[in-house]
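**Student:** Encoded as structure tokens, here's the structure I'll be asking about.
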Amino acid sequence: MLVMVMLSLSFVLGQRHHDRATGSPYESGILSEGSARVRFSAKFYLIAMFFVIFDLEAVFLFAWAGAVRETGWAGYAEVLLFITVLLATLAYLWRVGALDWKQGSRRMVS
């Protein structure tokens with residue numbers, strides 16, 4: 001209800017601008033040039049996904065480090081398994097060339 005009242009009041013009491021420049025986009029006071037639809041290669045998104053995945057793994061390790069005394073040896077064994085899986089994944093990605101920025105350096109592993 002409050003949202004509707006605020007939107008209605010801003011519509012009724014707000015200023016009206018009919019200038020040509022009002023509807024044109026700008027960034028920090030600079031008029032834009034060209035298209036906003038820049039095409040990124042799939043490699044960019046792949047590296048971004050790797051970053052998010054491995055960054056999220058660091059969060060799990062920090063949480064484990066905070067509770068290391070409570071988890072005991074079982075928690076230590078679990079985090080060793082976790083790190084082993086992370087290192088195996090990183091080794092696989094390195095081996096197939098997913099971390100190389102050079103064009104055409106990726107090879108398929110069967």
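Ordering of the structure tokens sets the chain letters (A, B, ...), residue numbers begin anew at 1 in every chain, and ligands are numbered from 1 in the order given.
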Within chain A, find each residue whose DSSP state, derived from the backbone, is helix (DSSP H, G or I), and express the selection as a PyMOL selection string.
**Tutor:** chain A and resi 2-13+20-23+42-66+68-95
**Student:** In Å to one decimal, how far is atom CA of Ala77 of chain A from atom CA of Ala58 of chain A?
**Tutor:**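 Rounded to one decimal, the two atoms are 16.9 Å apart.
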**Student:** Take atom CA of Ala91 of chain A and atom CA of Gly75 of chain A and report the distance between them in Å, one decimal.
**Tutor:** 24.1 Å
**Student:** Name the residues in contact with Phe44 of chain A at a cut-off of 12 Å, using only C-alpha atoms, excluding same-chain residues fewer than 5 positions from it; report them as a ChimeraX atom specification.
**Tutor:** /A:39,49-51,98-101
**Student:** With N, CA, C and O atoms retained, could you export that selection as a short mmCIF file (atom, residue, chain, number, x, y, z; two decimals), in the first residue's frame?
**Tutor:**
data_model
loop_
_atom_site.label_atom_id
_atom_site.label_comp_id
_atom_site.auth_asym_id
_atom_site.auth_seq_id
_atom_site.Cartn_x
_atom_site.Cartn_y
_atom_site.Cartn_z
N ARG A 39 30.47 -8.61 -27.35
CA ARG A 39 30.52 -10.06 -27.33
C ARG A 39 31.82 -10.51 -26.68
O ARG A 39 32.90 -10.15 -27.11
N MET A 49 33.68 -18.78 -14.30
CA MET A 49 33.09 -19.89 -13.55
C MET A 49 34.14 -20.59 -12.69
O MET A 49 33.88 -20.95 -11.55
N PHE A 50 35.34 -20.79 -13.24
CA PHE A 50 36.41 -21.40 -12.45
C PHE A 50 36.73 -20.55 -11.23
O PHE A 50 36.93 -21.06 -10.13
N PHE A 51 36.78 -19.23 -11.42
CA PHE A 51 37.07 -18.35 -10.30
C PHE A 51 36.00 -18.48 -9.21
O PHE A 51 36.32 -18.59 -8.02
N ALA A 98 42.18 -25.94 -20.20
CA ALA A 98 41.09 -25.00 -19.92
C ALA A 98 41.60 -23.72 -19.27
O ALA A 98 40.90 -22.71 -19.28
N LEU A 99 42.80 -23.74 -18.74
CA LEU A 99 43.35 -22.56 -18.08
C LEU A 99 44.30 -21.77 -18.97
O LEU A 99 44.85 -20.77 -18.55
N ASP A 100 44.49 -22.21 -20.21
CA ASP A 100 45.37 -21.52 -21.14
C ASP A 100 44.61 -20.41 -21.86
O ASP A 100 43.50 -20.62 -22.32
N TRP A 101 45.23 -19.24 -21.96
CA TRP A 101 44.60 -18.13 -22.64
C TRP A 101 44.90 -18.11 -24.13
O TRP A 101 44.26 -17.40 -24.89
#
**Student:** Would you pick out the contacts of segment 83-86 of chain A at 9 Å or less, using only C-alpha atoms, so that residues sharing its chain but fewer than 6 positions from it are not included, and give the list as an MDAnalysis selection string?
**Tutor:** chainID A and resid 54 57 61
